[in-house]
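J.: For reference, this is protein-v1.cif, and it has mmCIF, C-alpha atoms and all ligand atoms.
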```cif
data_structure
#
loop_
_atom_site.label_atom_id
_atom_site.label_comp_id
_atom_site.auth_asym_id
_atom_site.auth_seq_id
_atom_site.Cartn_x
_atom_site.Cartn_y
_atom_site.Cartn_z
CA MET A 207 126.70 113.64 19.44
CA GLU A 208 128.37 112.24 22.48
CA ILE A 209 130.13 114.88 24.60
CA VAL A 210 132.72 113.52 27.04
CA ILE A 211 134.19 115.99 29.53
CA VAL A 212 137.41 114.73 31.12
CA GLU A 213 139.88 116.11 33.65
CA SER A 214 142.99 116.24 31.50
CA PRO A 215 144.41 115.60 28.02
CA GLU A 216 146.08 112.49 29.47
CA GLN A 217 142.71 111.10 30.55
CA ALA A 218 141.30 111.85 27.10
CA GLY A 219 144.29 110.19 25.47
CA ALA A 220 143.86 107.05 27.56
CA LEU A 221 140.13 106.88 26.85
CA VAL A 222 140.48 107.22 23.09
CA ALA A 223 143.55 104.94 22.97
CA ASP A 224 141.53 102.25 24.75
CA ALA A 225 138.81 102.55 22.13
CA ILE A 226 141.28 102.39 19.22
CA SER A 227 143.10 99.43 20.79
CA GLU A 228 139.81 97.60 21.17
CA LEU A 229 138.87 98.38 17.57
CA VAL A 230 142.18 97.20 16.09
CA THR A 231 142.11 94.05 18.23
CA ARG A 232 138.61 93.24 17.00
CA THR A 233 139.34 94.31 13.40
CA PRO A 234 143.12 94.04 12.76
CA THR A 235 142.72 95.48 9.24
CA MET A 236 141.01 98.64 10.50
CA VAL A 237 141.68 102.00 8.86
CA LEU A 238 142.57 104.87 11.20
CA GLY A 239 142.29 108.56 10.32
CA LEU A 240 145.19 110.52 11.83
CA ALA A 241 145.04 114.16 12.91
CA THR A 242 148.14 116.28 13.43
CA GLY A 243 148.30 118.90 16.16
CA SER A 244 148.80 118.95 19.90
CA SER A 245 145.25 117.69 20.65
CA ALA A 246 145.80 114.25 19.12
CA SER A 247 149.25 113.75 20.69
CA PRO A 248 147.97 112.36 24.03
CA VAL A 249 146.14 109.63 22.09
CA TYR A 250 149.31 108.64 20.23
CA ARG A 251 151.37 108.65 23.44
CA ALA A 252 148.81 106.44 25.17
CA LEU A 253 148.60 104.08 22.17
CA GLY A 254 152.37 103.71 22.29
CA SER A 255 152.12 102.23 25.76
CA ARG A 256 149.39 99.72 24.76
CA SER A 257 150.17 96.32 23.29
CA ALA A 258 147.68 96.36 20.39
CA SER A 259 149.25 95.56 17.02
CA PHE A 260 148.69 97.75 13.95
CA ALA A 261 150.70 95.41 11.70
CA ARG A 262 147.68 94.76 9.46
CA ALA A 263 146.01 98.16 9.89
CA ARG A 264 146.23 101.20 7.64
CA ALA A 265 146.10 104.92 8.30
CA PHE A 266 145.49 108.14 6.38
CA LEU A 267 146.54 111.65 7.29
CA LEU A 268 143.89 114.35 7.40
CA ASP A 269 145.93 117.12 5.82
CA GLU A 270 149.38 118.41 4.86
CA TYR A 271 151.19 121.69 4.22
CA ILE A 272 152.18 122.60 0.68
CA GLY A 273 155.64 124.06 0.06
CA LEU A 274 157.73 122.53 2.83
CA PRO A 275 160.66 120.45 1.57
CA PRO A 276 160.21 116.66 1.89
CA GLY A 277 161.20 115.58 5.40
CA HIS A 278 160.77 119.06 6.92
CA PRO A 279 160.27 118.41 10.66
CA GLN A 280 156.98 120.34 10.70
CA SER A 281 155.51 118.65 7.66
CA TYR A 282 152.58 116.61 8.92
CA ARG A 283 154.14 113.54 7.33
CA ALA A 284 157.22 113.99 9.55
CA VAL A 285 155.14 114.71 12.67
CA ILE A 286 153.09 111.53 12.14
CA ASN A 287 156.29 109.62 11.54
CA ARG A 288 157.63 110.77 14.92
CA GLU A 289 154.40 110.59 16.92
CA VAL A 290 152.75 107.51 15.42
CA GLU A 291 154.90 105.38 13.14
CA SER A 292 157.90 105.34 15.48
CA LEU A 293 155.67 104.05 18.33
CA LEU A 294 153.29 101.67 16.57
CA ASP A 295 154.01 98.68 14.33
CA PHE A 296 152.32 99.87 11.13
CA GLY A 297 153.71 98.09 8.04
CA ASN A 298 155.75 99.84 5.35
CA ASP A 299 153.54 102.16 3.29
CA ALA A 300 150.54 101.47 5.55
CA VAL A 301 150.38 105.13 6.58
CA GLN A 302 149.56 107.47 3.73
CA GLY A 303 149.25 111.21 3.32
CA PRO A 304 148.31 113.39 0.37
CA ASP A 305 151.19 113.74 -2.12
CA VAL A 306 151.86 117.47 -1.89
CA HIS A 307 155.03 117.13 -3.98
CA ALA A 308 153.24 115.79 -7.06
CA ASP A 309 153.59 117.78 -10.29
CA ASP A 310 149.83 117.60 -10.71
CA LEU A 311 148.45 118.52 -7.32
CA LEU A 312 144.81 118.38 -8.38
CA ALA A 313 145.27 114.81 -9.65
CA ALA A 314 147.05 113.95 -6.38
CA CYS A 315 144.01 115.17 -4.41
CA ASP A 316 141.72 112.93 -6.48
CA ALA A 317 144.16 110.02 -6.09
CA TYR A 318 144.05 110.47 -2.31
CA GLU A 319 140.27 110.18 -2.32
CA THR A 320 140.59 107.01 -4.40
CA ALA A 321 143.20 105.56 -2.03
CA ILE A 322 140.90 106.10 0.98
CA ALA A 323 137.96 104.54 -0.87
CA ASP A 324 140.08 101.58 -2.06
CA ALA A 325 141.13 100.93 1.54
CA GLY A 326 137.42 100.55 2.38
CA GLY A 327 137.03 103.99 3.98
CA ILE A 328 138.12 105.20 7.38
CA ASP A 329 136.81 103.38 10.45
CA LEU A 330 137.75 105.94 13.09
CA GLN A 331 138.84 109.49 12.28
CA LEU A 332 140.64 111.54 14.91
CA LEU A 333 140.07 115.29 14.70
CA GLY A 334 141.21 118.44 16.46
CA ILE A 335 139.53 121.80 16.05
CA GLY A 336 141.06 125.14 15.11
CA THR A 337 140.24 128.25 17.14
CA ASP A 338 138.31 129.41 14.05
CA GLY A 339 136.29 126.18 14.02
CA HIS A 340 138.22 124.42 11.25
CA ILE A 341 138.57 120.65 11.02
CA GLY A 342 141.51 119.24 9.10
CA PHE A 343 142.43 122.42 7.26
CA ASN A 344 138.86 123.15 6.16
CA GLU A 345 138.74 126.83 6.97
CA PRO A 346 135.52 128.81 7.59
CA THR A 347 133.17 128.81 4.55
CA SER A 348 134.52 125.48 3.29
CA SER A 349 131.70 123.60 1.60
CA LEU A 350 130.18 121.04 3.95
CA GLY A 351 130.28 118.65 0.97
CA SER A 352 133.91 119.37 0.03
CA ARG A 353 136.42 116.68 -0.97
CA THR A 354 140.23 116.52 -0.72
CA ARG A 355 141.58 119.72 -2.26
CA ILE A 356 143.95 122.68 -1.96
CA LYS A 357 143.01 125.33 0.64
CA THR A 358 144.46 128.68 1.67
CA LEU A 359 144.96 129.13 5.42
CA THR A 360 143.43 132.04 7.32
CA ASP A 361 145.78 134.43 9.12
CA GLN A 362 144.34 133.16 12.42
CA THR A 363 145.33 129.56 11.65
CA ARG A 364 148.79 130.61 10.48
CA ARG A 365 149.28 132.56 13.72
CA ASP A 366 148.00 129.60 15.79
CA ASN A 367 150.38 127.20 14.05
CA ALA A 368 153.38 129.57 14.12
CA ARG A 369 154.36 128.09 17.50
CA PHE A 370 155.64 125.01 15.65
CA PHE A 371 157.89 127.10 13.36
CA ASP A 372 160.73 129.57 13.96
CA SER A 373 158.63 132.46 12.66
CA LEU A 374 155.18 133.28 11.28
CA ALA A 375 156.71 133.84 7.83
CA GLU A 376 157.74 130.17 7.71
CA VAL A 377 154.15 128.87 8.12
CA PRO A 378 152.93 127.80 4.67
CA ARG A 379 149.90 129.59 3.23
CA HIS A 380 148.56 126.61 1.33
CA VAL A 381 147.64 123.08 2.27
CA VAL A 382 145.92 119.95 1.00
CA THR A 383 143.14 118.74 3.25
CA GLN A 384 140.53 116.03 3.21
CA GLY A 385 137.22 117.78 2.59
CA ILE A 386 134.39 117.98 5.06
CA GLY A 387 132.42 115.58 2.86
CA THR A 388 135.39 113.19 2.97
CA ILE A 389 135.64 113.44 6.76
CA LEU A 390 131.91 112.83 7.19
CA GLU A 391 132.25 109.47 5.40
CA ALA A 392 134.43 108.05 8.18
CA ARG A 393 132.42 105.58 10.25
CA HIS A 394 133.22 107.22 13.57
CA LEU A 395 134.51 110.73 14.26
CA VAL A 396 136.40 111.46 17.49
CA MET A 397 137.23 115.11 18.09
CA LEU A 398 139.59 116.24 20.86
CA ALA A 399 139.97 119.77 22.25
CA PHE A 400 141.69 121.11 25.34
CA GLY A 401 142.08 124.51 26.97
CA ALA A 402 140.09 127.73 27.16
CA ALA A 403 141.31 128.92 23.75
CA LYS A 404 139.13 126.20 22.18
CA ALA A 405 136.01 126.88 24.30
CA GLU A 406 134.28 129.18 21.85
CA ALA A 407 134.94 126.95 18.84
CA VAL A 408 133.77 123.87 20.78
CA ALA A 409 130.53 125.58 21.88
CA ALA A 410 129.82 126.68 18.30
CA ALA A 411 130.59 123.18 16.98
CA VAL A 412 128.41 121.37 19.50
CA GLU A 413 125.56 123.76 20.26
CA GLY A 414 125.59 126.29 17.42
CA PRO A 415 123.67 126.20 14.15
CA ILE A 416 125.16 124.10 11.35
CA THR A 417 127.07 126.49 9.13
CA ALA A 418 130.03 126.51 6.75
CA ARG A 419 131.23 129.52 8.80
CA VAL A 420 132.16 126.97 11.51
CA PRO A 421 133.24 123.81 9.67
CA ALA A 422 133.24 121.69 12.85
CA THR A 423 129.45 122.11 13.08
CA ALA A 424 129.35 119.48 10.29
CA LEU A 425 129.92 116.89 13.03
CA GLN A 426 126.30 117.43 14.02
CA LEU A 427 125.36 115.69 10.75
CA HIS A 428 127.32 112.54 11.61
CA PRO A 429 125.57 109.58 13.27
CA ARG A 430 128.60 108.67 15.40
CA ALA A 431 130.55 111.70 16.56
CA THR A 432 132.29 111.76 19.93
CA ILE A 433 133.73 115.00 21.32
CA VAL A 434 136.32 114.54 24.09
CA ILE A 435 137.22 117.80 25.86
CA ASP A 436 138.62 119.01 29.14
CA GLU A 437 136.80 121.29 31.60
CA GLU A 438 138.43 124.44 30.16
CA ALA A 439 137.32 123.67 26.63
CA ALA A 440 133.81 123.01 28.01
CA ILE A 441 133.31 126.35 29.78
CA ARG A 442 131.14 127.87 27.02
CA LEU A 443 128.84 124.86 26.68
CA GLN A 444 125.34 125.66 27.90
CA LEU A 445 124.46 122.00 28.49
CA ALA A 446 127.77 120.93 30.08
CA GLN A 447 126.07 119.58 33.21
CA TYR A 448 123.68 117.53 31.10
CA TYR A 449 126.62 116.00 29.22
CA ARG A 450 128.39 115.14 32.48
CA GLU A 451 125.30 113.47 33.90
CA THR A 452 124.37 111.51 30.81
CA TRP A 453 127.72 110.13 29.69
CA SER A 454 127.68 106.42 30.39
CA GLY A 455 131.39 106.28 31.13
CA LYS A 456 131.70 103.93 28.20
CA PRO A 457 132.41 105.01 24.64
CA PRO A 458 129.48 104.03 22.38
CA TRP A 459 131.68 102.06 20.00
CA GLN A 460 132.36 99.50 22.69
CA GLY A 461 129.93 96.64 22.54
CA ILE A 462 128.39 97.73 19.22
C1 LIG A 501 145.90 122.31 12.60
C2 LIG A 501 145.44 121.00 12.00
C3 LIG A 501 144.10 120.57 12.53
C4 LIG A 501 144.09 120.68 14.04
C5 LIG A 501 144.38 122.08 14.46
C6 LIG A 501 144.36 122.25 15.96
O1 LIG A 501 145.36 123.40 11.98
N1 LIG A 501 145.38 121.04 10.58
O2 LIG A 501 143.81 119.25 12.12
O3 LIG A 501 142.84 120.28 14.50
O4 LIG A 501 145.67 122.42 13.99
O5 LIG A 501 145.63 121.97 16.46
P1 LIG A 501 145.96 121.76 17.99
O6 LIG A 501 145.40 120.46 18.35
O7 LIG A 501 147.46 121.80 18.04
O8 LIG A 501 145.33 122.89 18.72
#
```
Any chance you could give the structure as structure tokens?

T.:
Amino acid sequence: MEIVIVESPEQAGALVADAISELVTRTPTMVLGLATGSSASPVYRALGSRSASFARARAFLLDEYIGLPPGHPQSYRAVINREVESLLDFGNDAVQGPDVHADDLLAACDAYETAIADAGGIDLQLLGIGTDGHIGFNEPTSSLGSRTRIKTLTDQTRRDNARFFDSLAEVPRHVVTQGIGTILEARHLVMLAFGAAKAEAVAAAVEGPITARVPATALQLHPRATIVIDEEAAIRLQLAQYYRETWSGKPPWQGI
């Protein structure tokens, strides 16, 4: 894994936005995996100030709440609409999320897997990390081979995400998320994490043993995983100095 320790979320956003801009310029039909949450926002803001065109690109959301009415401002679909689609020139229907309003939710999960596969798979998947080590909404003990499916959120995740709602009671209990197996099929994973609250989860993900107890440890199985974190999120890493000294200053996807 490549561990990149930066000074601020803005620096991380600029770095990852540069990489995505380069990728979409080189491959205009690229497929981007979108994460929702505050960690990915600096990337979207930075991309909005770049000139790269996404007119021929496609994108897939990582996950979505079940039970919010269509258009609810905290549905991940609405967040991505505000943070990504309003800034970038994606075509109509080029950005897809799981259909959590389908009558047959299980069939909708399978259809989402098929849609990703039919698009040729995801070229670059953005990820955040939950304080409990989740990726997407794959909570602890999710199978490392899991596919898109319905999950129940832990109390910790609901409390963490309550800041986006008026009250804890409003945070949905159920979600649809790409599985860990689905995420691992993306050709490049880029995880972002900022702040001391993420330090323990980041250390477990990067330096801990691979375990379903910490879903983000699955990134250790991926041949191209880049972790972009600030100094606070890096405080529990035993090899932080080694990562600082060995990072080339150039993301590995450039020039490959
Ligand atoms: C949610 C999302 C995750 C995200 C996590 C962290 O649970 N489903 O994809 O990684 O929040 O969010 P934040 O970046 O806001 O800390």

J.: I'd like a table as a Markdown table: residues in chain A with an atom no more than 6 Å from ligand LIG 501 (chain A), each row giving the shortest atom pair and its distance in Å to one decimal, all atoms listed in the file counted, sorted by chain and rising residue number.

T.:
```
| residue | atom | partner | partner_atom | distance |
| --- | --- | --- | --- | --- |
| A:Ala241 | CA | A:LIG501 | O2 | 5.3 |
| A:Thr242 | CA | A:LIG501 | O2 | 5.4 |
| A:Gly243 | CA | A:LIG501 | O7 | 3.6 |
| A:Ser244 | CA | A:LIG501 | O7 | 3.7 |
| A:Ser245 | CA | A:LIG501 | O6 | 3.6 |
| A:Leu333 | CA | A:LIG501 | O3 | 5.7 |
| A:Gly334 | CA | A:LIG501 | O3 | 3.1 |
| A:Ile335 | CA | A:LIG501 | O3 | 4.0 |
| A:Gly336 | CA | A:LIG501 | C6 | 4.5 |
| A:Ile341 | CA | A:LIG501 | O3 | 5.5 |
| A:Gly342 | CA | A:LIG501 | O2 | 3.8 |
| A:Phe343 | CA | A:LIG501 | N1 | 4.7 |
```

J.: Rounded to one decimal in Å, what is the spacing between atom CA of A:Gln444 and atom CA of A:Val412?

T.: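 Separating atom CA of A:Gln444 from atom CA of A:Val412 is a distance of 9.9 Å.
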
J.: Restricting the calculation to all atoms listed in the file, which member of A:Pro304, A:Gly239, A:Gly219, A:Gly339 is positioned closest to A:Ile416?

T.: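 Answer, going by the shortest atom-to-atom distance: A:Gly339.
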
J.: Point out the residue among A:Asp305, A:Asp310, A:Asp295, A:Asp338 with the least atom-to-atom distance to A:Tyr282, counting only C-alpha atoms.

T.: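 Of A:Asp305, A:Asp310, A:Asp295, A:Asp338, the one nearest A:Tyr282, counting only C-alpha atoms, is A:Asp305.
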
J.: With distances taken over only C-alpha atoms, which residue among A:Arg232, A:Arg288, A:His278, A:Arg251 lies nearest A:Ala263?

T.: A:Arg232

J.: When you draw a straight line from atom CA of A:Gln426 to atom CA of A:Glu413, how long is it in Å?

T.: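 Distance between the two atoms: 8.9 Å.
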
J.: When distances are computed from all atoms listed in the file, which of A:Leu359, A:Lys456, A:Asp269, A:Gly303 shows the smallest separation from A:Asp224?

T.: A:Lys456

J.: Please identify all polymer residues within 12 Å of A:Phe371, counting only C-alpha atoms, omitting same-chain residues fewer than 6 positions from it, and present them as a list in words.

T.: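 Those residues are Leu274, His278, Pro279, Gln280, Ser281, Arg364, Arg365, Val377 and Pro378 of chain A.
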
J.: So that I have them on file, write out the residues from the current selection with C-alpha atoms, as an mmCIF file, in the frame of the given file.

T.:
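New file part_11.cif:
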```cif
data_model
loop_
_atom_site.group_PDB
_atom_site.id
_atom_site.type_symbol
_atom_site.label_atom_id
_atom_site.label_comp_id
_atom_site.auth_asym_id
_atom_site.auth_seq_id
_atom_site.Cartn_x
_atom_site.Cartn_y
_atom_site.Cartn_z
ATOM 1 C CA LEU A 274 157.730 122.530 2.830
ATOM 2 C CA HIS A 278 160.770 119.060 6.920
ATOM 3 C CA PRO A 279 160.270 118.410 10.660
ATOM 4 C CA GLN A 280 156.980 120.340 10.700
ATOM 5 C CA SER A 281 155.510 118.650 7.660
ATOM 6 C CA ARG A 364 148.790 130.610 10.480
ATOM 7 C CA ARG A 365 149.280 132.560 13.720
ATOM 8 C CA VAL A 377 154.150 128.870 8.120
ATOM 9 C CA PRO A 378 152.930 127.800 4.670
#
```
